[in-house]
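Peer 1: This is start16.txt (compact mmCIF, C-alpha atoms).
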# COMPACT_ATOMS: atom_id res chain seq x y z
CA MET D 1 -90.91 54.80 -53.66
CA SER D 2 -88.27 57.21 -55.02
CA ASP D 3 -84.76 56.15 -56.00
CA SER D 4 -83.40 57.87 -52.86
CA HIS D 5 -85.41 55.40 -50.81
CA VAL D 6 -83.86 52.33 -52.46
CA LEU D 7 -80.65 51.39 -50.65
CA ASP D 8 -77.79 48.99 -51.23
CA LEU D 9 -77.13 48.87 -47.47
CA ALA D 10 -79.32 50.02 -44.59
CA GLY D 11 -77.77 50.27 -41.15
CA LEU D 12 -79.73 49.87 -37.93
CA GLY D 13 -78.02 52.14 -35.42
CA ALA D 14 -75.18 54.64 -35.85
CA GLY D 15 -72.86 53.88 -32.96
CA PRO D 16 -69.12 53.88 -33.68
CA PHE D 17 -69.13 50.60 -35.63
CA ASN D 18 -71.92 51.43 -38.09
CA LEU D 19 -70.70 55.02 -38.17
CA SER D 20 -67.35 53.72 -39.41
CA ILE D 21 -69.10 51.96 -42.30
CA ALA D 22 -71.07 55.14 -43.07
CA ALA D 23 -67.90 57.27 -43.07
CA LEU D 24 -65.98 54.92 -45.38
CA ALA D 25 -68.94 54.59 -47.74
CA ASP D 26 -69.28 58.39 -47.87
CA SER D 27 -65.58 58.92 -48.63
CA HIS D 28 -64.84 56.07 -51.03
CA LEU D 29 -68.08 54.53 -52.33
CA PRO D 30 -70.35 57.49 -53.15
CA ARG D 31 -72.26 55.46 -55.76
CA LEU D 32 -73.24 52.89 -53.15
CA ALA D 33 -76.61 53.93 -51.70
CA THR D 34 -76.32 53.66 -47.92
CA ARG D 35 -78.28 55.04 -44.99
CA PHE D 36 -77.77 54.48 -41.29
CA PHE D 37 -80.69 55.09 -38.96
CA GLU D 38 -80.10 56.31 -35.40
CA ARG D 39 -82.97 56.92 -32.97
CA ARG D 40 -81.03 59.53 -30.97
CA ARG D 41 -80.97 63.08 -32.33
CA ASP D 42 -77.78 63.97 -30.49
CA PRO D 43 -75.53 60.91 -30.37
CA VAL D 44 -73.36 60.49 -27.28
CA TRP D 45 -71.22 57.39 -26.93
CA HIS D 46 -72.01 55.50 -23.71
CA PRO D 47 -73.35 58.59 -21.90
CA GLY D 48 -73.85 56.59 -18.70
CA LEU D 49 -70.10 55.91 -18.51
CA MET D 50 -69.00 59.49 -19.20
CA LEU D 51 -67.00 59.93 -16.00
CA PRO D 52 -64.08 62.29 -15.26
CA ASP D 53 -60.65 61.09 -16.34
CA THR D 54 -61.81 57.99 -18.22
CA HIS D 55 -60.00 56.96 -21.39
CA LEU D 56 -60.20 54.46 -24.22
CA GLN D 57 -57.93 51.44 -24.24
CA THR D 58 -56.87 52.00 -27.87
CA GLY D 59 -54.79 54.66 -29.63
CA PHE D 60 -56.27 57.61 -31.52
CA LEU D 61 -55.23 56.28 -34.97
CA LYS D 62 -57.73 53.44 -34.53
CA ASP D 63 -60.57 55.78 -35.40
CA LEU D 64 -63.50 55.39 -37.82
CA VAL D 65 -61.45 55.34 -41.01
CA THR D 66 -57.68 55.80 -40.77
CA ALA D 67 -56.58 52.15 -40.79
CA VAL D 68 -57.92 51.66 -44.34
CA ALA D 69 -58.52 55.19 -45.63
CA PRO D 70 -56.07 57.69 -44.10
CA ASP D 71 -57.13 60.24 -46.72
CA SER D 72 -60.75 60.29 -45.49
CA ARG D 73 -62.18 63.59 -44.29
CA HIS D 74 -63.73 61.78 -41.32
CA SER D 75 -60.53 60.91 -39.46
CA PHE D 76 -59.74 61.86 -35.87
CA LEU D 77 -56.81 63.96 -37.11
CA ARG D 78 -59.18 65.92 -39.37
CA TYR D 79 -61.44 66.41 -36.34
CA LEU D 80 -58.52 67.83 -34.33
CA VAL D 81 -57.52 70.20 -37.13
CA GLU D 82 -61.07 71.47 -37.65
CA HIS D 83 -61.38 72.08 -33.90
CA HIS D 84 -58.04 73.98 -33.87
CA ARG D 85 -56.38 71.80 -31.26
CA PHE D 86 -54.01 69.56 -33.23
CA TYR D 87 -50.84 70.90 -31.58
CA ARG D 88 -52.31 70.97 -28.08
CA PHE D 89 -53.38 67.36 -28.47
CA LEU D 90 -49.83 66.42 -29.48
CA ASN D 91 -48.30 68.45 -26.66
CA ALA D 92 -50.54 66.68 -24.12
CA GLU D 93 -48.79 63.43 -25.12
CA LEU D 94 -51.94 61.38 -24.66
CA GLY D 95 -51.45 57.70 -25.31
CA THR D 96 -55.21 57.25 -25.52
CA VAL D 97 -58.20 59.51 -26.10
CA SER D 98 -60.59 60.42 -23.30
CA ARG D 99 -64.11 59.05 -23.53
CA ALA D 100 -65.43 62.61 -23.68
CA GLU D 101 -63.26 63.61 -26.65
CA PHE D 102 -63.91 60.40 -28.56
CA SER D 103 -67.66 60.81 -28.04
CA ASP D 104 -67.42 64.36 -29.36
CA TYR D 105 -65.48 63.10 -32.39
CA LEU D 106 -68.20 60.54 -33.12
CA GLY D 107 -70.91 63.19 -32.86
CA TRP D 108 -68.93 65.48 -35.18
CA ALA D 109 -68.69 62.70 -37.76
CA ALA D 110 -72.34 61.67 -37.47
CA ARG D 111 -73.66 65.19 -37.94
CA ARG D 112 -71.65 65.81 -41.11
CA LEU D 113 -72.53 62.54 -42.86
CA ASP D 114 -75.44 62.74 -45.30
CA ASN D 115 -75.99 58.99 -45.06
CA VAL D 116 -76.65 59.09 -41.30
CA ALA D 117 -80.24 59.81 -40.29
CA LEU D 118 -80.25 61.09 -36.70
CA GLY D 119 -83.53 60.96 -34.81
CA GLU D 120 -85.02 58.42 -37.23
CA GLU D 121 -85.67 55.03 -35.66
CA VAL D 122 -86.43 51.90 -37.67
CA ARG D 123 -89.74 50.53 -36.42
CA GLU D 124 -90.14 47.45 -38.59
CA VAL D 125 -88.13 45.35 -41.04
CA ARG D 126 -89.70 42.74 -43.29
CA LEU D 127 -88.50 40.66 -46.22
CA ASP D 128 -90.34 40.27 -49.50
CA ALA D 129 -89.40 39.14 -53.00
CA ARG D 130 -87.55 42.40 -53.69
CA GLY D 131 -85.52 42.62 -50.51
CA PHE D 132 -85.86 44.23 -47.11
CA ARG D 133 -88.61 46.74 -46.44
CA LEU D 134 -87.94 49.21 -43.61
CA ARG D 135 -90.50 51.43 -41.93
CA THR D 136 -88.99 54.30 -39.92
CA ASP D 137 -90.40 57.21 -37.92
CA ALA D 138 -90.25 59.34 -41.07
CA ASP D 139 -90.60 57.16 -44.17
CA ASP D 140 -90.40 53.76 -45.87
CA TYR D 141 -87.28 52.34 -47.52
CA ARG D 142 -86.18 49.30 -49.43
CA ALA D 143 -82.70 47.78 -49.02
CA ARG D 144 -80.68 44.98 -50.60
CA HIS D 145 -78.72 44.33 -47.41
CA LEU D 146 -78.84 45.22 -43.71
CA CYS D 147 -76.12 45.90 -41.15
CA LEU D 148 -77.02 45.48 -37.49
CA GLY D 149 -75.24 47.96 -35.24
CA THR D 150 -77.62 48.70 -32.37
CA GLY D 151 -75.10 47.72 -29.70
CA LYS D 152 -75.46 45.55 -26.63
CA ARG D 153 -77.60 45.86 -23.54
CA PRO D 154 -76.26 46.25 -19.99
CA TRP D 155 -76.31 42.87 -18.26
CA LEU D 156 -77.20 42.29 -14.62
CA PRO D 157 -77.18 38.89 -12.90
CA ASP D 158 -80.67 37.38 -12.65
CA PHE D 159 -80.66 37.76 -8.87
CA ALA D 160 -80.14 41.52 -9.20
CA GLU D 161 -82.49 42.27 -12.09
CA ALA D 162 -85.62 42.28 -9.90
CA LEU D 163 -84.06 44.86 -7.55
CA ARG D 164 -82.87 47.17 -10.30
CA GLY D 165 -83.46 50.83 -9.53
CA PRO D 166 -81.72 54.08 -8.59
CA HIS D 167 -79.68 52.32 -5.85
CA CYS D 168 -79.11 48.99 -7.63
CA LEU D 169 -77.86 49.82 -11.09
CA HIS D 170 -75.60 48.88 -13.95
CA ALA D 171 -72.37 50.81 -14.56
CA ALA D 172 -73.75 52.01 -17.91
CA GLU D 173 -76.33 54.10 -15.99
CA ILE D 174 -73.99 55.66 -13.43
CA ALA D 175 -73.60 59.06 -15.14
CA ARG D 176 -77.15 59.38 -16.48
CA SER D 177 -78.51 61.14 -13.41
CA ARG D 178 -77.27 62.82 -10.25
CA ARG D 179 -75.99 60.38 -7.61
CA ASP D 180 -75.46 60.86 -3.90
CA PHE D 181 -72.96 58.53 -2.22
CA ASN D 182 -72.45 60.81 0.77
CA GLU D 183 -72.31 58.77 4.02
CA ARG D 184 -73.54 55.68 2.15
CA ARG D 185 -72.17 52.16 1.97
CA VAL D 186 -71.26 51.62 -1.68
CA VAL D 187 -70.37 48.30 -3.34
CA VAL D 188 -68.97 48.04 -6.88
CA VAL D 189 -69.18 44.57 -8.48
CA GLY D 190 -66.97 43.74 -11.48
CA GLY D 191 -63.21 43.74 -11.92
CA GLY D 192 -62.85 45.26 -15.39
CA GLN D 193 -62.12 48.79 -16.61
CA SER D 194 -65.60 50.14 -15.87
CA GLY D 195 -65.42 48.84 -12.32
CA ALA D 196 -62.03 50.52 -11.88
CA ASP D 197 -63.29 53.85 -13.27
CA ILE D 198 -66.31 53.87 -10.96
CA PHE D 199 -64.31 52.82 -7.88
CA LEU D 200 -61.71 55.52 -8.52
CA ASN D 201 -64.32 58.25 -8.99
CA ALA D 202 -66.16 57.12 -5.84
CA LEU D 203 -62.86 57.11 -3.94
CA ARG D 204 -62.24 60.70 -5.07
CA GLY D 205 -65.69 61.76 -3.85
CA HIS D 206 -67.19 62.45 -7.27
CA TRP D 207 -70.66 61.57 -5.90
CA GLY D 208 -69.96 62.63 -2.31
CA GLN D 209 -67.93 61.00 0.46
CA PRO D 210 -69.01 57.34 1.00
CA ARG D 211 -69.05 55.89 4.50
CA GLU D 212 -67.75 52.59 3.07
CA LEU D 213 -66.56 51.70 -0.40
CA HIS D 214 -66.03 48.07 -1.41
CA TRP D 215 -64.89 46.73 -4.79
CA ILE D 216 -65.68 43.07 -5.47
CA SER D 217 -64.36 40.97 -8.34
CA ARG D 218 -64.51 37.26 -9.10
CA ARG D 219 -61.12 37.57 -10.79
CA ARG D 220 -58.10 36.39 -8.82
CA ASN D 221 -56.78 39.92 -8.58
CA PHE D 222 -57.34 43.36 -10.07
CA GLU D 223 -55.46 42.45 -13.20
CA PRO D 224 -53.91 44.63 -15.90
CA LEU D 225 -54.82 44.77 -19.54
CA ASP D 226 -52.15 42.94 -21.52
CA GLU D 227 -51.22 45.49 -24.15
CA THR D 228 -47.71 44.34 -24.94
CA ALA D 229 -46.51 44.15 -28.53
CA PHE D 230 -46.95 40.44 -29.23
CA THR D 231 -50.31 40.30 -27.49
CA ASN D 232 -51.45 43.16 -29.69
CA GLU D 233 -50.90 40.87 -32.70
CA TYR D 234 -54.30 39.40 -31.73
CA PHE D 235 -55.71 42.73 -32.87
CA THR D 236 -54.58 42.46 -36.48
CA PRO D 237 -56.47 41.49 -39.63
CA ASP D 238 -54.14 38.53 -40.23
CA TYR D 239 -54.90 36.94 -36.87
CA THR D 240 -58.63 37.67 -37.12
CA ARG D 241 -58.89 36.01 -40.53
CA SER D 242 -57.05 32.92 -39.35
CA PHE D 243 -59.08 32.77 -36.14
CA HIS D 244 -62.37 32.58 -38.05
CA ALA D 245 -61.12 29.46 -39.88
CA LEU D 246 -60.53 27.52 -36.63
CA PRO D 247 -62.93 24.85 -35.37
CA ARG D 248 -65.54 26.18 -32.94
CA GLU D 249 -64.21 24.41 -29.85
CA ILE D 250 -60.71 25.81 -30.43
CA ARG D 251 -62.07 29.34 -30.91
CA GLU D 252 -63.94 29.01 -27.60
CA ARG D 253 -60.77 27.93 -25.82
CA GLU D 254 -58.68 30.73 -27.27
CA VAL D 255 -61.20 33.46 -26.45
CA ALA D 256 -61.23 32.33 -22.82
CA ALA D 257 -57.43 32.20 -22.63
CA GLN D 258 -57.03 35.69 -24.12
CA LYS D 259 -59.38 37.45 -21.70
CA LEU D 260 -56.87 39.94 -20.28
CA ALA D 261 -55.82 41.03 -23.76
CA SER D 262 -59.18 42.78 -24.12
CA ASP D 263 -60.86 42.85 -20.72
CA GLY D 264 -58.26 43.95 -18.18
CA ILE D 265 -57.66 47.30 -16.52
CA THR D 266 -55.14 49.68 -18.03
CA PRO D 267 -51.85 49.71 -16.09
CA ALA D 268 -52.12 53.51 -15.83
CA ALA D 269 -55.52 53.23 -14.10
CA LEU D 270 -54.23 50.58 -11.70
CA GLN D 271 -51.17 52.69 -10.84
CA THR D 272 -53.30 55.78 -10.26
CA LEU D 273 -55.69 53.83 -8.05
CA TYR D 274 -52.91 52.26 -5.98
CA ARG D 275 -51.28 55.66 -5.42
CA GLU D 276 -54.60 57.16 -4.32
CA LEU D 277 -55.13 54.35 -1.81
CA TYR D 278 -51.56 54.66 -0.52
CA HIS D 279 -51.77 58.43 -0.11
CA ARG D 280 -55.12 58.42 1.69
CA PHE D 281 -54.75 55.46 4.00
CA ASP D 282 -51.00 55.09 4.49
CA VAL D 283 -49.62 58.63 4.22
CA LEU D 284 -52.58 60.65 5.54
CA GLY D 285 -53.69 57.88 7.90
CA GLU D 286 -57.41 57.98 7.12
CA PRO D 287 -59.46 55.09 8.54
CA ARG D 288 -59.56 52.43 5.81
CA TRP D 289 -63.10 53.00 4.54
CA ALA D 290 -62.27 51.72 1.01
CA ARG D 291 -61.33 48.08 0.47
CA LEU D 292 -60.82 45.68 -2.46
CA PHE D 293 -62.12 42.09 -2.45
CA PRO D 294 -60.85 39.91 -5.32
CA HIS D 295 -61.69 36.25 -5.90
CA ARG D 296 -65.31 36.70 -4.76
CA GLU D 297 -68.24 35.77 -6.97
CA ALA D 298 -71.54 37.49 -6.30
CA ILE D 299 -74.29 34.86 -6.03
CA ALA D 300 -77.29 36.52 -4.34
CA LEU D 301 -78.78 39.90 -3.53
CA GLU D 302 -81.66 40.68 -1.23
CA ARG D 303 -83.31 43.68 0.34
CA SER D 304 -82.14 44.61 3.83
CA GLY D 305 -84.18 47.48 5.24
CA LEU D 306 -83.65 50.39 2.89
CA GLY D 307 -80.45 48.83 1.54
CA PHE D 308 -79.17 45.49 0.25
CA THR D 309 -77.20 42.45 1.34
CA LEU D 310 -74.91 40.95 -1.32
CA THR D 311 -73.73 37.37 -0.84
CA THR D 312 -70.48 36.15 -2.39
CA THR D 313 -68.48 32.93 -2.46
CA HIS D 314 -64.70 32.98 -2.07
CA GLY D 315 -62.79 31.44 -4.96
CA LEU D 316 -60.16 29.82 -2.75
CA THR D 317 -62.14 28.58 0.25
CA GLY D 318 -65.70 28.38 -1.07
CA GLY D 319 -66.81 30.27 2.03
CA LYS D 320 -69.67 32.75 1.87
CA GLU D 321 -69.38 36.43 2.75
CA ARG D 322 -72.06 39.09 3.03
CA PHE D 323 -71.72 42.76 2.20
CA ASN D 324 -74.25 45.36 3.33
CA ALA D 325 -74.77 48.27 0.97
CA ASP D 326 -76.95 51.30 0.44
CA VAL D 327 -75.87 51.50 -3.22
CA ILE D 328 -74.71 48.66 -5.48
CA VAL D 329 -73.20 49.26 -8.92
CA PHE D 330 -72.80 46.23 -11.20
CA ALA D 331 -69.97 46.68 -13.72
CA THR D 332 -70.88 43.31 -15.23
CA GLY D 333 -70.66 43.93 -18.93
CA PHE D 334 -73.16 43.75 -21.76
CA CYS D 335 -75.17 41.11 -23.60
CA SER D 336 -76.29 40.83 -27.21
CA HIS D 337 -79.81 41.49 -28.34
CA LEU D 338 -81.67 42.12 -31.56
CA PRO D 339 -83.71 45.30 -31.91
CA ASP D 340 -87.49 44.97 -31.69
CA CYS D 341 -87.86 45.99 -35.33
CA LEU D 342 -86.32 42.64 -36.36
CA ALA D 343 -88.96 40.54 -34.61
CA ASP D 344 -90.17 39.17 -37.96
CA LEU D 345 -86.67 38.08 -39.05
CA ALA D 346 -85.15 37.01 -35.72
CA PRO D 347 -86.34 33.36 -35.85
CA ARG D 348 -84.61 32.97 -39.21
CA LEU D 349 -81.15 33.87 -37.89
CA GLU D 350 -78.82 31.05 -36.80
CA ARG D 351 -77.42 31.25 -33.24
CA ASP D 352 -74.46 29.56 -31.57
CA ALA D 353 -74.27 27.98 -28.11
CA HIS D 354 -73.96 31.46 -26.54
CA GLY D 355 -77.05 32.73 -28.31
CA GLU D 356 -74.85 34.85 -30.58
CA LEU D 357 -75.30 35.19 -34.32
CA VAL D 358 -73.24 32.84 -36.46
CA LEU D 359 -71.09 35.03 -38.73
CA GLY D 360 -69.29 34.27 -41.97
CA PRO D 361 -65.83 35.63 -42.89
CA HIS D 362 -67.28 38.97 -44.07
CA PHE D 363 -69.36 39.40 -40.90
CA GLU D 364 -72.50 38.24 -42.67
CA ALA D 365 -75.03 36.43 -40.47
CA SER D 366 -76.09 32.89 -41.29
CA TRP D 367 -79.82 32.77 -41.91
CA ASP D 368 -82.40 30.93 -43.99
CA GLY D 369 -83.11 33.87 -46.28
CA PRO D 370 -81.94 34.38 -49.87
CA THR D 371 -78.20 34.80 -50.41
CA THR D 372 -78.91 37.88 -52.54
CA HIS D 373 -80.05 39.71 -49.39
CA ARG D 374 -77.56 39.58 -46.58
CA ILE D 375 -77.64 40.67 -42.94
CA TYR D 376 -74.28 41.87 -41.61
CA ALA D 377 -73.60 42.39 -37.91
CA VAL D 378 -70.96 44.38 -36.02
CA ASN D 379 -69.99 43.84 -32.39
CA ALA D 380 -71.45 40.35 -32.58
CA GLY D 381 -68.50 38.10 -33.46
CA ARG D 382 -66.31 37.61 -30.38
CA HIS D 383 -66.64 33.84 -30.68
CA SER D 384 -66.36 33.78 -34.48
CA HIS D 385 -63.65 36.41 -35.16
CA GLY D 386 -61.84 36.67 -31.82
CA ILE D 387 -61.38 39.13 -28.99
CA ALA D 388 -60.63 42.06 -31.32
CA GLU D 389 -64.11 41.99 -32.85
CA PRO D 390 -65.98 43.93 -30.11
CA GLN D 391 -63.09 46.41 -29.75
CA LEU D 392 -62.37 49.63 -31.64
CA SER D 393 -59.00 48.33 -32.84
CA LEU D 394 -60.19 46.67 -36.06
CA MET D 395 -63.28 48.80 -36.59
CA ALA D 396 -62.20 50.40 -39.87
CA TRP D 397 -60.84 47.14 -41.28
CA ARG D 398 -64.09 45.31 -40.52
CA SER D 399 -66.09 48.15 -42.09
CA ALA D 400 -64.01 47.87 -45.25
CA MET D 401 -64.50 44.08 -45.31
CA ILE D 402 -68.27 44.56 -45.20
CA LEU D 403 -68.29 47.32 -47.83
CA ASN D 404 -66.09 45.31 -50.19
CA HIS D 405 -68.53 42.42 -49.85
CA VAL D 406 -71.57 44.64 -50.44
CA ALA D 407 -69.96 46.39 -53.43
CA GLY D 408 -68.81 43.12 -54.96
CA HIS D 409 -65.28 44.39 -55.60
CA GLN D 410 -62.18 45.42 -53.66
CA ALA D 411 -62.94 49.09 -53.08
CA PHE D 412 -60.47 49.00 -50.18
CA ASP D 413 -57.08 47.32 -50.40
CA LEU D 414 -56.90 45.11 -47.31
CA GLN D 415 -53.72 43.23 -48.16
CA GLU D 416 -50.96 43.36 -45.55
CA ASP D 417 -47.37 42.17 -45.36
CA ASP D 418 -46.68 39.09 -43.28
CA GLY D 419 -46.32 39.76 -39.57
CA PRO D 420 -43.59 38.40 -37.25
CA ILE D 421 -45.72 35.53 -35.90
CA GLU D 422 -46.64 32.30 -37.70
CA TRP D 423 -49.97 31.46 -36.08
CA HIS D 424 -50.58 28.11 -37.78
CA PRO D 425 -48.43 25.16 -38.83
CA THR D 426 -46.85 25.63 -42.22
CA ALA D 427 -47.31 23.13 -45.02
CA GLU D 428 -43.59 22.45 -45.30
CA PRO D 429 -41.61 20.90 -42.41
CA ARG D 430 -38.99 23.15 -40.82
CA TRP D 431 -35.75 22.24 -39.12
CA VAL D 432 -32.54 23.83 -37.98
CA GLN D 433 -29.53 22.69 -39.94
CA ALA D 434 -26.48 21.92 -37.83
CA ILE D 435 -23.27 23.67 -38.81
Go ahead and express the file in the form of structure tokens.

Peer 2:
Amino acid sequence: MSDSHVLDLAGLGAGPFNLSIAALADSHLPRLATRFFERRRDPVWHPGLMLPDTHLQTGFLKDLVTAVAPDSRHSFLRYLVEHHRFYRFLNAELGTVSRAEFSDYLGWAARRLDNVALGEEVREVRLDARGFRLRTDADDYRARHLCLGTGKRPWLPDFAEALRGPHCLHAAEIARSRRDFNERRVVVVGGGQSGADIFLNALRGHWGQPRELHWISRRRNFEPLDETAFTNEYFTPDYTRSFHALPREIREREVAAQKLASDGITPAALQTLYRELYHRFDVLGEPRWARLFPHREAIALERSGLGFTLTTTHGLTGGKERFNADVIVFATGFCSHLPDCLADLAPRLERDAHGELVLGPHFEASWDGPTTHRIYAVNAGRHSHGIAEPQLSLMAWRSAMILNHVAGHQAFDLQEDDGPIEWHPTAEPRWVQAI
């Protein structure tokens, strides 16, 4: 095995999170031998969700590298300059980047990085006395450490999984093939951003004019993302570090309480949707063929002729309702999984009550293997590091944390000044002195 096949860090997958690590390693740690393996030859970020007029929920400076290495040649600003549209981007006054442009940025970065192997899937990973052995489509490698970044799988409720197909599908598949909603009864299940994007595009006739369009959510209302200044302090390194140190039961409570800080619908999308509904059904007087149904939890799905019948329970009354549909789209999120190539190591990894990996402060997984060979994981620490962990907001900071840990020194300066909020009790008592 040649020296080029002996790695300090091998990455499984080259989605945005592992791609961030690859970009920072390329720019600032050239002596660290890294390689990130991606099965797709032409990476597209969430191609099934690539719908018209859909945007990220984070600003463009929260890209692969800028938060810790603004001088990197892999920044979003560098991408704009190289594509000759820096000024037009500024003039558009975009608060967030479209999914299409961000996906193109990621592809641009992946194709220019020598440590990203596109179209090379890892087939098997084993551990021996000298570290991890990887077998890919093209070759064999040895690595000191691994970083898992293969993403999450679309999740459907158990009652829907057996009926999965072209007319009962997850939101992540909606744009993968041609759809026809014309004169069909369409039901969208799930009250988050993906549900809003699909409902809005269906309302606008992107897949043809539906006969009926229903949007169902178990949430109390179609609620906005909380992106106010103090809430955004949850998405800072200081808060994330302190969150990891909390007892497990407190972390669980806080994650649940902070749901709308990471899993709401952007106010802009809600405003656009409300205006569309008002214009169509109030101003133009169309029959109300599109309706919203909050506070309903989907509990059963069965075949009904060529279509489906979805059963829900109402959150206030407990009463059951049934919705007939020709097409059902579940915008029900994603679940964690380990890639098949890790079958030999999976039983050795510690899991929490949610079946998630147990992560240390540097995003290293707890396992029964030697401490000299670590397994890092990205997009796997919502319950260990807080609601910011699955988001793009702290992507570059997390990448730098991992690379500092792998390198064994502070290649990236991650120190920050104190923020305005004291999250934990201070050691010294405080009081206000009367005048």

Peer 1: For D:Ser399, which residue among D:Ala196, D:Ala377, D:Leu56, D:Leu246 is the nearest when counting all atoms listed in the file?

Peer 2: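 For D:Ser399, the nearest of the candidates is D:Ala377.
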
Peer 1: Please return as a list in words every residue within 6 Å of (-73.7, 39.2, -18.7), taking into account all atoms listed in the file and the file's own coordinates.

Peer 2: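 Final list of nearby residues, as requested, is Trp155, Gly333, Phe334 and Cys335 of chain D.
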
Peer 1: Just how far from atom CA of D:Lys152 is atom CA of D:Ser336, in Å to one decimal?

Peer 2: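 Distance reported for this atom pair: 4.8 Å.
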
Peer 1: Here is a test: counting all atoms listed in the file, which residue of D:Arg142, D:His383, D:His206, D:Arg303 is nearest to D:His167?

Peer 2: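 Under the stated criterion, the closest residue is D:Arg303.
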
Peer 1: Can you tell me which residues surround stretch 46-48 of chain D at a distance of at most 9 Å, considering only C-alpha atoms, apart from same-chain residues fewer than 6 positions away, and format the answer as number ranges by chain?

Peer 2: D: 99, 103, 171-177

Peer 1: Could you save those same residues with C-alpha atoms as a CSV table (one decimal), keeping the file's coordinate frame?

Peer 2:
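Writing the result to part_39.csv gives the following:
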chain,number,residue,atom,x,y,z
D,99,ARG,CA,-64.1,59.0,-23.5
D,103,SER,CA,-67.7,60.8,-28.0
D,171,ALA,CA,-72.4,50.8,-14.6
D,172,ALA,CA,-73.8,52.0,-17.9
D,173,GLU,CA,-76.3,54.1,-16.0
D,174,ILE,CA,-74.0,55.7,-13.4
D,175,ALA,CA,-73.6,59.1,-15.1
D,176,ARG,CA,-77.2,59.4,-16.5
D,177,SER,CA,-78.5,61.1,-13.4

Peer 1: I'd like to know which of D:Ala138, D:Val97, D:Leu146, D:Ala407 is closest to D:Arg31, using all atoms listed in the file.

Peer 2: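 Closest to D:Arg31 of all the choices is D:Ala407.
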
Peer 1: Using all atoms listed in the file, find the one residue out of D:His83, D:Arg248, D:Arg35, D:Arg88 that sits nearest to D:Leu113.

Peer 2: D:Arg35

Peer 1: May I ask which of the residues D:Ala343, D:Leu338, D:Ala256, D:Leu414 is the closest one to D:Arg153, counting all atoms listed in the file?

Peer 2: D:Leu338

Peer 1: If I take atom CA of D:Arg280 and atom CA of D:His55, how far is one from the other in Å, to one decimal?

Peer 2: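 Distance between the two atoms: 23.6 Å.
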
Peer 1: How many Å lie between atom CA of D:Gly151 and atom CA of D:Thr54, rounded to one decimal?

Peer 2: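 Between atom CA of D:Gly151 and atom CA of D:Thr54 the gap works out to 20.3 Å.
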
Peer 1: Choose the residue, out of D:Tyr79, D:Trp45, D:Phe37, D:Phe86, that has the smallest atom-to-atom separation from D:Arg135; count only C-alpha atoms.

Peer 2: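 Distance minimum relative to D:Arg135 lands on D:Phe37.
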
Peer 1: Show which residues sit within 12 Å of stretch 367-375 of chain D, as a PyMOL selection string. Count all atoms listed in the file, and ignore same-chain residues fewer than 4 positions away.

Peer 2: chain D and resi 7-12+125-133+142-149+342+345-351+357-360+362-363+402+405-406+408

Peer 1: Adding 5 Å on each side of the box along x, y and z that holds all listed atoms of stretch 305-323 of chain D, could you give its centre and edge lengths in Å to one decimal, as AutoDock Vina command-line options?

Peer 2:
--center_x -72.2 --center_y 39.4 --center_z 0.1 --size_x 34.0 --size_y 32.0 --size_z 20.2

Peer 1: Could you give me, as a list in words, the residues within 12 Å of D:Asp180, counting all atoms listed in the file and dropping anything in the same chain fewer than 5 positions from it?

Peer 2: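 Contacts, with the query itself left out: Pro166, His167, Ile174, Ala175, Arg185, Val186, Ala202, Gly205, His206, Trp207, Gly208, Gln209, Pro210, Arg211, Asp326 and Val327 of chain D.
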
Peer 1: Kindly export the residues of the current selection with C-alpha atoms, as an mmCIF file, in the frame of the given file.

Peer 2:
data_model
loop_
_atom_site.group_PDB
_atom_site.id
_atom_site.type_symbol
_atom_site.label_atom_id
_atom_site.label_comp_id
_atom_site.auth_asym_id
_atom_site.auth_seq_id
_atom_site.Cartn_x
_atom_site.Cartn_y
_atom_site.Cartn_z
ATOM 1 C CA PRO D 166 -81.720 54.080 -8.590
ATOM 2 C CA HIS D 167 -79.680 52.320 -5.850
ATOM 3 C CA ILE D 174 -73.990 55.660 -13.430
ATOM 4 C CA ALA D 175 -73.600 59.060 -15.140
ATOM 5 C CA ARG D 185 -72.170 52.160 1.970
ATOM 6 C CA VAL D 186 -71.260 51.620 -1.680
ATOM 7 C CA ALA D 202 -66.160 57.120 -5.840
ATOM 8 C CA GLY D 205 -65.690 61.760 -3.850
ATOM 9 C CA HIS D 206 -67.190 62.450 -7.270
ATOM 10 C CA TRP D 207 -70.660 61.570 -5.900
ATOM 11 C CA GLY D 208 -69.960 62.630 -2.310
ATOM 12 C CA GLN D 209 -67.930 61.000 0.460
ATOM 13 C CA PRO D 210 -69.010 57.340 1.000
ATOM 14 C CA ARG D 211 -69.050 55.890 4.500
ATOM 15 C CA ASP D 326 -76.950 51.300 0.440
ATOM 16 C CA VAL D 327 -75.870 51.500 -3.220
#

Peer 1: I'd like the neighbourhood of D:Ala290 as number ranges by chain, where a residue qualifies if any of its atoms comes within 7 Å (using all atoms listed in the file), though same-chain residues fewer than 4 positions away should be ignored.

Peer 2: D: 212-214

Peer 1: So that I can see what lies close to D:Arg220, please list as a list in words the residues with an atom at most 8 Å from it, counting only C-alpha atoms and leaving out residues fewer than 2 positions away in the same chain.

Peer 2: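 The residues satisfying every condition are Ser217, Arg218, Phe222, Glu223, Pro294, His295 and Gly315 of chain D.
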
Peer 1: Please, which residues are within 10 Å of (-72.1, 63.3, -42.5) by the file's coordinates, counting only C-alpha atoms, and could they come as a VMD selection string?

Peer 2: chain D and resid 19 22 to 23 26 to 27 74 107 to 117
